[in-house]
file my_file_25.txt (compact mmCIF, C-alpha atoms)
# COMPACT_ATOMS: atom_id res chain seq x y z
CA MET A 17 -1.12 40.81 -31.19
CA ARG A 18 -0.75 37.10 -30.59
CA ARG A 19 -3.45 35.43 -28.55
CA ILE A 20 -2.50 33.93 -25.20
CA PRO A 21 -4.22 30.57 -24.65
CA VAL A 22 -6.87 30.35 -21.95
CA PRO A 23 -5.88 27.79 -19.29
CA VAL A 24 -7.49 24.40 -19.67
CA THR A 25 -7.58 22.59 -16.34
CA ALA A 26 -9.76 19.59 -17.02
CA VAL A 27 -8.25 17.22 -14.48
CA ALA A 28 -7.77 19.91 -11.84
CA ALA A 29 -11.29 21.22 -12.40
CA VAL A 30 -12.85 17.82 -11.69
CA ALA A 31 -10.91 17.54 -8.43
CA LEU A 32 -11.75 21.06 -7.34
CA LEU A 33 -15.41 20.90 -8.26
CA ALA A 34 -15.75 17.59 -6.48
CA ALA A 35 -14.12 19.03 -3.37
CA GLY A 36 -16.07 22.31 -3.19
CA CYS A 37 -15.39 25.16 -0.83
CA GLY A 38 -16.98 23.57 2.18
CA SER A 39 -15.77 19.99 1.67
CA PRO A 40 -13.75 18.19 4.36
CA PRO A 41 -9.96 18.18 3.85
CA GLN A 42 -8.68 15.41 1.61
CA LYS A 43 -5.42 13.54 2.00
CA GLY A 44 -4.35 14.21 -1.56
CA GLY A 45 -5.27 15.82 -4.84
CA ALA A 46 -5.68 19.35 -6.05
CA GLY A 47 -8.42 20.06 -3.51
CA SER A 48 -6.50 18.96 -0.44
CA LEU A 49 -6.09 21.45 2.38
CA GLY A 50 -4.34 18.95 4.64
CA THR A 51 -4.59 18.58 8.40
CA ALA A 52 -2.18 19.23 11.25
CA GLN A 53 -1.52 15.51 11.37
CA HIS A 54 -1.28 15.09 7.61
CA PRO A 55 -0.23 18.44 6.12
CA VAL A 56 0.22 19.09 2.44
CA GLU A 57 3.32 20.91 1.26
CA ILE A 58 3.41 23.63 -1.36
CA ARG A 59 6.56 25.12 -2.83
CA VAL A 60 7.02 28.74 -3.84
CA LEU A 61 9.63 30.16 -6.22
CA ALA A 62 10.45 33.73 -5.24
CA ASN A 63 13.15 36.37 -5.55
CA ASP A 64 16.02 35.92 -3.10
CA ALA A 65 15.71 39.58 -2.06
CA PHE A 66 12.81 38.55 0.15
CA ALA A 67 12.50 34.73 -0.05
CA LYS A 68 14.30 34.10 3.25
CA GLN A 69 12.26 36.78 4.98
CA TRP A 70 9.10 35.05 3.82
CA GLN A 71 10.31 31.63 4.91
CA ASP A 72 11.51 32.77 8.32
CA LYS A 73 8.73 35.19 9.22
CA LEU A 74 5.71 35.10 6.93
CA VAL A 75 5.31 31.32 6.64
CA PRO A 76 5.26 30.67 10.42
CA ARG A 77 2.61 33.38 10.80
CA PHE A 78 0.50 31.78 8.06
CA ARG A 79 0.79 28.32 9.63
CA GLU A 80 -0.60 29.61 12.90
CA GLU A 81 -3.93 29.80 11.09
CA HIS A 82 -3.41 26.97 8.59
CA PRO A 83 -1.46 24.16 10.28
CA GLY A 84 -2.45 21.73 7.54
CA ILE A 85 -0.41 23.57 4.87
CA LYS A 86 3.38 23.54 4.89
CA VAL A 87 5.08 26.17 2.74
CA ARG A 88 8.62 26.07 1.40
CA VAL A 89 9.95 29.24 -0.23
CA ASP A 90 12.98 29.04 -2.51
CA GLY A 91 14.79 32.16 -3.71
CA LEU A 92 16.71 32.95 -6.88
CA PRO A 93 18.72 35.99 -8.00
CA TYR A 94 16.65 38.36 -10.10
CA ALA A 95 18.57 37.65 -13.32
CA ASP A 96 17.99 33.90 -12.97
CA GLN A 97 14.38 33.93 -11.89
CA LEU A 98 12.51 34.37 -15.18
CA PRO A 99 14.37 31.66 -17.14
CA LYS A 100 14.14 29.25 -14.18
CA THR A 101 10.42 29.93 -13.84
CA MET A 102 9.80 29.31 -17.53
CA LEU A 103 11.78 26.08 -17.37
CA ASP A 104 9.78 24.88 -14.40
CA LEU A 105 6.39 25.85 -15.83
CA THR A 106 6.99 24.01 -19.08
CA GLY A 107 8.44 20.88 -17.46
CA VAL A 108 6.56 17.59 -17.31
CA THR A 109 6.50 17.61 -13.50
CA PRO A 110 7.03 21.16 -12.23
CA THR A 111 8.67 21.58 -8.83
CA TYR A 112 6.69 24.65 -7.79
CA ASP A 113 3.02 25.19 -7.00
CA ILE A 114 3.37 28.98 -6.86
CA VAL A 115 5.69 31.22 -8.88
CA LEU A 116 6.33 34.89 -8.20
CA ALA A 117 6.81 37.21 -11.14
CA ASP A 118 8.06 40.76 -11.53
CA ASP A 119 5.70 43.31 -13.04
CA PRO A 120 6.45 42.77 -16.77
CA TRP A 121 6.77 38.96 -16.72
CA ILE A 122 3.13 37.90 -16.41
CA PRO A 123 2.30 38.10 -20.17
CA ARG A 124 5.22 35.79 -20.98
CA LEU A 125 4.38 33.30 -18.23
CA ALA A 126 0.72 33.35 -19.27
CA GLU A 127 1.70 32.68 -22.89
CA SER A 128 3.05 29.31 -21.77
CA GLY A 129 -0.48 28.21 -20.92
CA ALA A 130 0.76 26.90 -17.59
CA LEU A 131 -1.01 29.29 -15.19
CA LEU A 132 -4.44 29.06 -13.60
CA ASP A 133 -7.01 31.80 -14.05
CA LEU A 134 -7.60 32.71 -10.41
CA ARG A 135 -10.94 34.47 -10.85
CA ASN A 136 -12.75 32.28 -13.34
CA GLY A 137 -10.86 28.98 -13.35
CA ALA A 138 -11.51 25.88 -11.28
CA VAL A 139 -9.47 27.18 -8.36
CA SER A 140 -11.96 30.02 -7.91
CA LYS A 141 -14.20 27.46 -6.17
CA PHE A 142 -11.88 27.85 -3.21
CA THR A 143 -12.09 31.63 -3.07
CA ASP A 144 -13.28 32.84 0.32
CA LYS A 145 -16.51 34.83 0.14
CA ALA A 146 -14.81 37.66 2.04
CA TYR A 147 -12.00 37.93 -0.52
CA ASP A 148 -12.72 41.33 -2.07
CA TRP A 149 -11.31 41.65 -5.59
CA ALA A 150 -12.71 45.17 -5.97
CA ASP A 151 -10.68 46.38 -2.98
CA PHE A 152 -7.36 46.09 -4.84
CA THR A 153 -5.79 49.18 -6.35
CA PRO A 154 -6.62 48.72 -10.06
CA SER A 155 -3.04 49.22 -11.21
CA ASP A 156 -1.67 46.66 -8.74
CA LEU A 157 -4.27 44.06 -9.71
CA ALA A 158 -3.65 44.72 -13.41
CA ALA A 159 -0.02 43.67 -13.00
CA GLY A 160 -1.24 40.06 -12.72
CA GLN A 161 -3.48 40.17 -15.79
CA ALA A 162 -2.93 39.09 -19.39
CA GLU A 163 -5.42 38.94 -22.24
CA GLY A 164 -8.34 39.55 -19.91
CA HIS A 165 -7.47 36.83 -17.39
CA GLN A 166 -6.34 37.20 -13.77
CA TYR A 167 -3.37 34.88 -13.66
CA ALA A 168 -1.75 36.33 -10.53
CA VAL A 169 -2.39 38.49 -7.48
CA PRO A 170 -0.18 41.26 -6.03
CA VAL A 171 1.79 39.89 -3.08
CA ARG A 172 4.50 42.55 -2.81
CA THR A 173 3.57 45.82 -4.43
CA ASN A 174 6.18 48.50 -4.87
CA LEU A 175 6.84 51.94 -6.31
CA MET A 176 9.93 53.86 -7.32
CA LEU A 177 10.04 56.79 -4.89
CA MET A 178 12.37 59.54 -3.75
CA PHE A 179 14.04 59.20 -0.37
CA TYR A 180 15.63 62.34 1.00
CA ASN A 181 17.96 63.13 3.89
CA ARG A 182 16.41 65.93 5.93
CA SER A 183 19.70 66.82 7.63
CA LEU A 184 21.51 67.28 4.32
CA TYR A 185 18.67 69.39 2.92
CA LYS A 186 18.76 71.59 6.01
CA LYS A 187 22.54 71.95 5.87
CA ALA A 188 22.32 72.97 2.20
CA GLY A 189 19.59 75.50 2.95
CA VAL A 190 17.17 73.84 0.54
CA ASP A 191 13.43 73.29 1.09
CA GLU A 192 12.42 69.65 1.48
CA PRO A 193 10.85 68.15 -1.66
CA ASP A 194 7.28 66.94 -2.09
CA GLU A 195 5.08 65.74 -4.95
CA ARG A 196 4.99 69.29 -6.39
CA THR A 197 8.77 69.62 -6.71
CA THR A 198 9.61 69.77 -10.42
CA TRP A 199 12.64 68.36 -12.20
CA LYS A 200 13.71 71.92 -12.96
CA GLN A 201 13.66 72.82 -9.27
CA TYR A 202 15.33 69.55 -8.29
CA LEU A 203 18.27 70.12 -10.63
CA LYS A 204 18.55 73.72 -9.41
CA ASP A 205 18.67 72.48 -5.81
CA ALA A 206 21.34 69.95 -6.79
CA ARG A 207 23.91 72.74 -7.08
CA LYS A 208 23.59 73.26 -3.33
CA LEU A 209 23.06 69.63 -2.34
CA ASP A 210 26.47 68.71 -3.79
CA GLN A 211 28.29 69.96 -0.71
CA ASP A 212 31.17 69.88 1.75
CA THR A 213 29.56 68.91 5.05
CA ASN A 214 32.60 68.89 7.35
CA GLY A 215 34.30 72.09 6.22
CA ASP A 216 37.55 70.55 5.02
CA GLY A 217 37.18 72.07 1.57
CA LYS A 218 36.35 68.77 -0.12
CA LYS A 219 32.95 67.73 -1.39
CA ASP A 220 31.75 64.72 0.63
CA SER A 221 28.01 64.67 -0.03
CA TRP A 222 26.17 64.55 -3.34
CA THR A 223 22.62 64.99 -4.54
CA ILE A 224 21.60 61.63 -5.96
CA GLY A 225 22.12 57.90 -5.96
CA THR A 226 20.10 55.62 -8.24
CA TYR A 227 20.45 53.16 -11.13
CA PHE A 228 23.00 54.28 -13.71
CA THR A 229 24.79 51.24 -15.16
CA LYS A 230 23.51 48.57 -17.56
CA ASP A 231 20.73 46.83 -15.62
CA PRO A 232 17.17 45.82 -16.55
CA LEU A 233 15.85 48.30 -13.98
CA THR A 234 17.98 51.29 -15.03
CA PRO A 235 15.55 52.34 -17.81
CA THR A 236 12.79 52.71 -15.22
CA ILE A 237 14.37 56.00 -14.13
CA TRP A 238 14.24 57.76 -17.48
CA GLN A 239 10.89 56.13 -18.22
CA SER A 240 9.53 57.63 -15.00
CA ILE A 241 10.72 61.05 -16.15
CA LEU A 242 9.19 60.45 -19.59
CA ASN A 243 5.83 59.32 -18.17
CA ALA A 244 5.67 62.34 -15.86
CA ASP A 245 5.91 64.54 -18.97
CA GLY A 246 3.02 62.68 -20.59
CA GLY A 247 5.17 60.40 -22.75
CA HIS A 248 5.04 56.60 -23.11
CA LEU A 249 7.31 53.80 -24.25
CA MET A 250 4.81 52.21 -26.63
CA ASP A 251 1.29 52.60 -27.95
CA GLY A 252 -1.54 50.07 -27.71
CA ARG A 253 -0.15 48.11 -30.67
CA HIS A 254 3.31 47.90 -29.09
CA ARG A 255 4.91 50.38 -31.46
CA VAL A 256 7.68 52.60 -30.11
CA THR A 257 6.56 56.07 -29.03
CA PHE A 258 9.55 57.13 -26.89
CA ASN A 259 11.89 58.33 -29.64
CA ASN A 260 10.82 61.96 -29.68
CA ALA A 261 11.60 65.25 -27.95
CA LYS A 262 10.09 64.08 -24.65
CA GLY A 263 12.04 60.84 -24.72
CA VAL A 264 15.34 62.56 -25.49
CA LYS A 265 14.72 65.16 -22.76
CA ALA A 266 13.92 62.42 -20.22
CA LEU A 267 17.00 60.35 -21.02
CA GLN A 268 19.22 63.43 -21.00
CA THR A 269 17.86 64.33 -17.56
CA HIS A 270 18.82 60.86 -16.35
CA VAL A 271 22.30 61.30 -17.82
CA ASP A 272 22.63 64.73 -16.20
CA LEU A 273 21.88 63.22 -12.79
CA LEU A 274 25.19 61.38 -13.00
CA GLY A 275 26.95 64.75 -12.65
CA HIS A 276 25.39 65.10 -9.20
CA ALA A 277 26.20 61.59 -7.99
CA PRO A 278 29.20 60.29 -5.98
CA PRO A 279 32.42 59.28 -7.76
CA GLY A 280 32.01 55.87 -9.35
CA ALA A 281 28.22 56.15 -9.56
CA SER A 282 28.26 55.13 -13.23
CA THR A 283 28.40 51.52 -11.93
CA TYR A 284 25.42 51.92 -9.56
CA GLN A 285 22.70 49.27 -9.68
CA PHE A 286 20.54 48.37 -6.66
CA ASN A 287 22.93 47.99 -3.72
CA GLU A 288 25.34 50.88 -4.34
CA PRO A 289 22.89 53.82 -4.15
CA LEU A 290 21.22 52.16 -1.19
CA GLU A 291 24.49 51.98 0.73
CA ALA A 292 25.49 55.54 -0.22
CA PHE A 293 22.21 56.96 1.06
CA ARG A 294 22.26 54.93 4.25
CA GLN A 295 25.79 56.17 4.95
CA GLY A 296 24.70 59.79 4.52
CA ARG A 297 26.67 60.36 1.30
CA THR A 298 23.68 61.38 -0.84
CA ALA A 299 20.84 63.77 -0.14
CA THR A 300 18.32 61.84 -2.25
CA MET A 301 17.85 58.37 -3.64
CA PHE A 302 15.48 57.17 -6.36
CA MET A 303 14.75 53.64 -5.21
CA TRP A 304 12.00 51.10 -4.57
CA GLY A 305 9.99 52.18 -1.55
CA SER A 306 10.17 48.73 0.02
CA VAL A 307 13.68 49.54 1.30
CA TYR A 308 12.28 52.22 3.63
CA LYS A 309 12.28 50.09 6.78
CA GLY A 310 15.91 49.02 6.34
CA THR A 311 16.88 52.58 5.45
CA ALA A 312 15.12 54.53 8.20
CA LEU A 313 14.66 52.06 11.07
CA ASP A 314 17.10 49.15 10.98
CA LYS A 315 20.18 50.19 12.94
CA THR A 316 22.10 47.19 11.62
CA SER A 317 21.89 48.47 8.04
CA THR A 318 21.73 52.27 8.24
CA LYS A 319 23.43 55.17 10.01
CA LEU A 320 20.30 57.29 9.60
CA ALA A 321 17.65 57.83 12.25
CA PRO A 322 13.91 57.67 11.43
CA GLY A 323 13.66 61.45 11.65
CA ASP A 324 16.40 61.85 9.05
CA VAL A 325 14.53 60.09 6.24
CA GLY A 326 11.77 61.68 4.21
CA ILE A 327 9.93 59.95 1.36
CA THR A 328 7.83 61.24 -1.52
CA THR A 329 7.29 60.75 -5.23
CA MET A 330 10.09 61.54 -7.66
CA PRO A 331 10.15 65.07 -9.12
CA ALA A 332 7.24 66.15 -11.28
CA GLY A 333 6.98 66.74 -14.99
CA SER A 334 4.27 68.56 -16.93
CA ALA A 335 1.77 65.72 -16.31
CA GLY A 336 2.50 65.18 -12.61
CA PRO A 337 4.92 63.33 -10.30
CA SER A 338 7.39 60.72 -11.52
CA THR A 339 7.22 57.15 -10.25
CA HIS A 340 7.22 53.59 -11.56
CA ARG A 341 5.25 50.49 -10.63
CA GLY A 342 7.13 47.39 -9.52
CA VAL A 343 4.59 44.78 -8.41
CA TRP A 344 5.56 41.22 -7.54
CA SER A 345 2.56 39.02 -8.34
CA ALA A 346 2.04 35.34 -7.52
CA ALA A 347 0.53 32.73 -9.81
CA ILE A 348 -0.49 29.09 -9.38
CA THR A 349 0.65 26.47 -11.86
CA LYS A 350 -1.89 24.30 -13.63
CA LYS A 351 0.09 21.17 -12.82
CA SER A 352 0.19 21.87 -9.08
CA ARG A 353 -0.98 18.90 -7.05
CA HIS A 354 -2.19 21.20 -4.29
CA GLN A 355 -4.02 24.03 -6.01
CA ALA A 356 -6.48 24.65 -3.18
CA ALA A 357 -3.70 24.87 -0.61
CA ALA A 358 -1.71 27.17 -2.86
CA TRP A 359 -4.70 29.47 -3.33
CA THR A 360 -5.42 29.42 0.40
CA PHE A 361 -1.86 30.65 1.03
CA LEU A 362 -2.09 33.40 -1.59
CA GLN A 363 -5.46 34.54 -0.32
CA TRP A 364 -4.03 34.89 3.19
CA VAL A 365 -0.96 36.81 1.97
CA THR A 366 -3.09 39.19 -0.08
CA SER A 367 -5.92 39.58 2.43
CA LYS A 368 -6.29 42.77 4.41
CA LYS A 369 -5.03 40.92 7.50
CA GLY A 370 -2.04 39.53 5.63
CA GLU A 371 -1.17 42.90 4.12
CA ARG A 372 -1.31 44.66 7.48
CA TRP A 373 0.93 42.04 9.06
CA ALA A 374 3.43 42.13 6.18
CA GLY A 375 3.50 45.92 6.21
CA ALA A 376 4.21 46.18 9.92
CA ASN A 377 6.66 43.25 10.09
CA LEU A 378 8.29 43.03 6.66
CA GLY A 379 7.98 46.56 5.33
CA SER A 380 5.89 45.39 2.37
CA PHE A 381 3.48 47.77 0.66
CA PRO A 382 -0.26 46.99 0.50
CA ALA A 383 -2.19 46.62 -2.74
CA ARG A 384 -5.60 47.02 -1.12
CA ARG A 385 -7.19 50.44 -0.89
CA SER A 386 -8.78 49.61 2.45
CA THR A 387 -5.38 48.75 3.92
CA LEU A 388 -3.95 52.04 2.72
CA ALA A 389 -6.93 53.88 4.18
CA ASP A 390 -6.52 52.39 7.67
CA PRO A 391 -4.13 53.97 10.19
CA PRO A 392 -0.85 52.06 9.75
CA ALA A 393 1.95 51.47 12.20
CA ASP A 394 3.44 54.86 13.13
CA TRP A 395 6.58 54.48 11.03
CA LEU A 396 4.53 53.55 7.96
CA GLY A 397 2.48 56.76 7.89
CA PRO A 398 4.78 58.77 5.57
CA VAL A 399 5.28 55.71 3.38
CA TYR A 400 1.56 55.15 2.88
CA GLU A 401 1.04 58.80 1.98
CA ALA A 402 3.75 58.52 -0.68
CA ILE A 403 2.19 55.30 -2.00
CA LYS A 404 -1.25 56.90 -2.33
CA LYS A 405 0.18 59.77 -4.36
CA GLY A 406 2.32 57.42 -6.41
CA ASP A 407 -0.59 55.07 -7.15
CA LYS A 408 -2.58 57.93 -8.64
CA ALA A 409 0.36 58.88 -10.84
CA VAL A 410 0.89 55.28 -11.99
CA GLN A 411 -2.72 54.86 -13.05
CA ALA A 412 -2.90 58.24 -14.76
CA GLY A 413 0.43 57.96 -16.58
CA LYS A 414 0.65 54.19 -17.20
CA MET A 415 3.97 54.17 -15.37
CA TYR A 416 5.04 50.57 -15.80
CA ARG A 417 7.14 48.47 -18.12
CA PRO A 418 5.75 47.11 -21.43
CA ARG A 419 2.97 44.54 -21.10
CA LEU A 420 3.83 41.93 -23.70
CA PRO A 421 5.53 38.51 -23.67
CA GLU A 422 8.74 40.04 -25.01
CA SER A 423 8.87 42.66 -22.25
CA ASP A 424 12.09 41.29 -20.77
CA ALA A 425 13.85 41.40 -24.14
CA VAL A 426 12.60 44.96 -24.72
CA GLN A 427 13.91 45.94 -21.30
CA GLN A 428 17.32 44.47 -22.09
CA ILE A 429 17.50 46.60 -25.24
CA LEU A 430 16.57 49.71 -23.28
CA ALA A 431 19.14 48.84 -20.59
CA LEU A 432 21.92 48.52 -23.15
CA GLN A 433 21.12 51.78 -24.89
CA THR A 434 20.62 53.62 -21.61
CA SER A 435 24.08 52.52 -20.49
CA ARG A 436 25.61 53.73 -23.77
CA ALA A 437 24.11 57.18 -23.19
CA MET A 438 25.32 57.18 -19.57
CA SER A 439 28.87 56.39 -20.61
CA GLY A 440 28.90 59.10 -23.27
CA GLU A 441 29.38 56.57 -26.05
CA VAL A 442 26.34 58.00 -27.84
CA SER A 443 24.01 60.94 -27.34
CA ALA A 444 20.58 60.51 -25.77
CA LYS A 445 19.07 60.81 -29.25
CA GLY A 446 21.51 58.26 -30.67
CA ALA A 447 20.67 55.79 -27.90
CA LEU A 448 16.94 56.11 -28.52
CA ASP A 449 17.39 55.79 -32.29
CA GLN A 450 19.16 52.47 -31.81
CA ALA A 451 16.69 51.28 -29.17
CA GLU A 452 13.77 51.98 -31.50
CA LYS A 453 15.46 50.12 -34.34
CA ASP A 454 16.29 47.09 -32.19
CA ILE A 455 12.82 46.87 -30.63
CA HIS A 456 11.20 47.17 -34.06
CA THR A 457 13.37 44.31 -35.36
CA LEU A 458 12.63 42.15 -32.30
CA LEU A 459 8.85 42.56 -32.39
CA ALA A 460 8.57 42.32 -36.17
CA ALA A 461 10.36 38.96 -36.02
CA LYS A 462 7.82 37.83 -33.38
CA GLY A 463 4.89 38.62 -35.65
CA TYR A 464 3.82 42.00 -34.33
CA ASP A 465 2.53 44.60 -36.78
CA GLN A 466 5.33 47.19 -36.76
call {"tool": "encode", "arguments": {"input": "my_file_25.txt", "output": "structure tokens"}}
result
Amino acid sequence: MRRIPVPVTAVAAVALLAAGCGSPPQKGGAGSLGTAQHPVEIRVLANDAFAKQWQDKLVPRFREEHPGIKVRVDGLPYADQLPKTMLDLTGVTPTYDIVLADDPWIPRLAESGALLDLRNGAVSKFTDKAYDWADFTPSDLAAGQAEGHQYAVPVRTNLMLMFYNRSLYKKAGVDEPDERTTWKQYLKDARKLDQDTNGDGKKDSWTIGTYFTKDPLTPTIWQSILNADGGHLMDGRHRVTFNNAKGVKALQTHVDLLGHAPPGASTYQFNEPLEAFRQGRTATMFMWGSVYKGTALDKTSTKLAPGDVGITTMPAGSAGPSTHRGVWSAAITKKSRHQAAAWTFLQWVTSKKGERWAGANLGSFPARRSTLADPPADWLGPVYEAIKKGDKAVQAGKMYRPRLPESDAVQQILALQTSRAMSGEVSAKGALDQAEKDIHTLLAAKGYDQ
């Protein structure tokens, strides 16, 4: 394993230590919190799937309590975000004070040496005494860690879950699924869930919509199946452990799902299965739980009524339910001119108050155990129950993508080989053989002991 450098924030530390938690606002410098008359501005680089929502709704709510801090949120497509973030972090004068990172990116961003340690670095002087680190779900908090340092906090936690259409289950005469439903039972039920709903003799509803084509997130489906059977992608030394009977079985299950998906599903990424489910064309959908509000409640985006949509963990394997962690964490750059303001914003977003507001208004999932334990808005009740069950599975089965700086490259290899198996170009075993070979070559070249 290569060592990730510990952040050195000499200049920032002097400014922060001089300011102190209770110091009056300054007009400039890393410790400035601004005033209503002279606000400081921080910039945030986020994913465009939710950047506008943050700018239009979350930022105004934050400024009601912190008028001295202006926040500008810029969004990028998922495929562009990691390279843009790396470019900005390593620049002489970075544009952004805060960068958001998908679950597997933190080790690579931390390797740059450009992120602040939020718990033990200079910025920790601005941590509110009521900010409870121990209240976070351990798995969610761990998504922002690398080499023993807390470089980021969970601002938009997520899980891969199973959505199901109650009306289609009832019409097929199949019992609704829950966390005890096995993959064997699910595939048996699929024979009935592929159905003709209007009686014209033509099949017009199918069992499943999810990721099938070449996409960095497609491997999360078969990995979820693998993890639920007690298997893992890699061991503690980042050596491949998926190329075995469990791995082949999991990938073949993913391939078999394509036979119960709508025509053209081999090209499905994020939007296509979402649209199919919302239009009532599929009985289930394996998708990120954060789409629940737009799927069950938003009449502008879905034909389904709240009572039509159920949500639970994905089917279970021998070790428990299937799921996958997808936490968006936020980090502060060492070269930020407004570190205290940036940390004030992140503390608000990740506070219990901020989580409750974001859950009720944006459909975001909480990372705090106390938030999950409190009675949520009525429509969030089933979602929170699914999250609680999913969180336990994630922690028990280590259901997340590889935690190493080369995680994105590993994921690209898995995406390519998954797509080859989906298309029938190679068998599930052949795809995993090639994936193991390519990952071994990649990591050996980077100095890992393979």
call {"tool": "closest_atom_pairs", "arguments": {"input": "my_file_25.txt", "of": "range 110-216 of chain A", "to": "range 393-400 of chain A", "cutoff": "12 Å", "atoms": "all atoms listed in the file", "output": "CSV"}}
result
residue,atom,partner,partner_atom,distance
A:Asn174,CA,A:Val399,CA,11.0
A:Leu175,CA,A:Val399,CA,10.5
A:Met176,CA,A:Val399,CA,11.8
A:Leu177,CA,A:Val399,CA,9.6
A:Met178,CA,A:Val399,CA,10.8
A:Phe179,CA,A:Val399,CA,10.1
A:Asp194,CA,A:Pro398,CA,11.5
call {"tool": "residues_around", "arguments": {"input": "my_file_25.txt", "residues": "Asn243 in chain A", "least_positions_apart": "5", "cutoff": "12 Å", "atoms": "all atoms listed in the file", "output": "PyMOL selection string"}}
result
chain A and resi 235-238+248-250+257-258+262-263+265-267+330-341+409-417
call {"tool": "write_last_selection", "arguments": {"input": "my_file_25.txt", "atoms": "C-alpha atoms", "output": "mmCIF file, keeping the file's coordinate frame"}}
result
data_model
loop_
_atom_site.group_PDB
_atom_site.id
_atom_site.type_symbol
_atom_site.label_atom_id
_atom_site.label_comp_id
_atom_site.auth_asym_id
_atom_site.auth_seq_id
_atom_site.Cartn_x
_atom_site.Cartn_y
_atom_site.Cartn_z
ATOM 1 C CA PRO A 235 15.550 52.340 -17.810
ATOM 2 C CA THR A 236 12.790 52.710 -15.220
ATOM 3 C CA ILE A 237 14.370 56.000 -14.130
ATOM 4 C CA TRP A 238 14.240 57.760 -17.480
ATOM 5 C CA HIS A 248 5.040 56.600 -23.110
ATOM 6 C CA LEU A 249 7.310 53.800 -24.250
ATOM 7 C CA MET A 250 4.810 52.210 -26.630
ATOM 8 C CA THR A 257 6.560 56.070 -29.030
ATOM 9 C CA PHE A 258 9.550 57.130 -26.890
ATOM 10 C CA LYS A 262 10.090 64.080 -24.650
ATOM 11 C CA GLY A 263 12.040 60.840 -24.720
ATOM 12 C CA LYS A 265 14.720 65.160 -22.760
ATOM 13 C CA ALA A 266 13.920 62.420 -20.220
ATOM 14 C CA LEU A 267 17.000 60.350 -21.020
ATOM 15 C CA MET A 330 10.090 61.540 -7.660
ATOM 16 C CA PRO A 331 10.150 65.070 -9.120
ATOM 17 C CA ALA A 332 7.240 66.150 -11.280
ATOM 18 C CA GLY A 333 6.980 66.740 -14.990
ATOM 19 C CA SER A 334 4.270 68.560 -16.930
ATOM 20 C CA ALA A 335 1.770 65.720 -16.310
ATOM 21 C CA GLY A 336 2.500 65.180 -12.610
ATOM 22 C CA PRO A 337 4.920 63.330 -10.300
ATOM 23 C CA SER A 338 7.390 60.720 -11.520
ATOM 24 C CA THR A 339 7.220 57.150 -10.250
ATOM 25 C CA HIS A 340 7.220 53.590 -11.560
ATOM 26 C CA ARG A 341 5.250 50.490 -10.630
ATOM 27 C CA ALA A 409 0.360 58.880 -10.840
ATOM 28 C CA VAL A 410 0.890 55.280 -11.990
ATOM 29 C CA GLN A 411 -2.720 54.860 -13.050
ATOM 30 C CA ALA A 412 -2.900 58.240 -14.760
ATOM 31 C CA GLY A 413 0.430 57.960 -16.580
ATOM 32 C CA LYS A 414 0.650 54.190 -17.200
ATOM 33 C CA MET A 415 3.970 54.170 -15.370
ATOM 34 C CA TYR A 416 5.040 50.570 -15.800
ATOM 35 C CA ARG A 417 7.140 48.470 -18.120
#
call {"tool": "residues_around", "arguments": {"input": "my_file_25.txt", "residues": "Leu313 in chain A", "least_positions_apart": "3", "cutoff": "6 Å", "atoms": "all atoms listed in the file", "output": "PyMOL selection string"}}
result
chain A and resi 309-310+322
call {"tool": "closest_residue", "arguments": {"input": "my_file_25.txt", "among": "A:Asp191, A:Asp231, A:Asp272, A:Glu422", "to": "Ala126 in chain A", "atoms": "all atoms listed in the file"}}
result
A:Glu422
call {"tool": "atom_distance", "arguments": {"input": "my_file_25.txt", "atom1": "CA of Val169 in chain A", "atom2": "CA of Ala347 in chain A"}}
result
6.9 Å
call {"tool": "closest_residue", "arguments": {"input": "my_file_25.txt", "among": "A:Gly323, A:Gly280, A:Pro55, A:Pro123", "to": "Arg419 in chain A", "atoms": "only C-alpha atoms"}}
result
A:Pro123
call {"tool": "residues_around", "arguments": {"input": "my_file_25.txt", "residues": "Val343 in chain A", "least_positions_apart": "6", "cutoff": "8 Å", "atoms": "only C-alpha atoms", "output": "list of chain:residue names"}}
result
A:Asp118, A:Asp119, A:Asp156, A:Ala159, A:Pro170, A:Val171, A:Arg172, A:Thr173, A:Asn174, A:Leu175
call {"tool": "residues_around", "arguments": {"input": "my_file_25.txt", "residues": "Leu116 in chain A", "least_positions_apart": "4", "cutoff": "8 Å", "atoms": "all atoms listed in the file", "output": "PyMOL selection string"}}
result
chain A and resi 60-63+344-347
call {"tool": "closest_residue", "arguments": {"input": "my_file_25.txt", "among": "A:Ala206, A:Leu98, A:Leu378, A:Ala168", "to": "Leu131 in chain A", "atoms": "all atoms listed in the file"}}
result
A:Ala168
call {"tool": "residues_around", "arguments": {"input": "my_file_25.txt", "residues": "Arg88 in chain A", "least_positions_apart": "4", "cutoff": "7 Å", "atoms": "only C-alpha atoms", "output": "PyMOL selection string"}}
result
chain A and resi 58-60+71
call {"tool": "write_last_selection", "arguments": {"input": "my_file_25.txt", "atoms": "C-alpha atoms", "output": "PDB file, keeping the file's coordinate frame"}}
result
ATOM      1  CA  ILE A  58       3.410  23.630  -1.360  1.00  0.00           C
ATOM      2  CA  ARG A  59       6.560  25.120  -2.830  1.00  0.00           C
ATOM      3  CA  VAL A  60       7.020  28.740  -3.840  1.00  0.00           C
ATOM      4  CA  GLN A  71      10.310  31.630   4.910  1.00  0.00           C
TER       5      GLN A  71
END
call {"tool": "closest_residue", "arguments": {"input": "my_file_25.txt", "among": "A:Asp314, A:Glu452, A:Asp90, A:Asp148", "to": "Lys68 in chain A", "atoms": "only C-alpha atoms"}}
result
A:Asp90
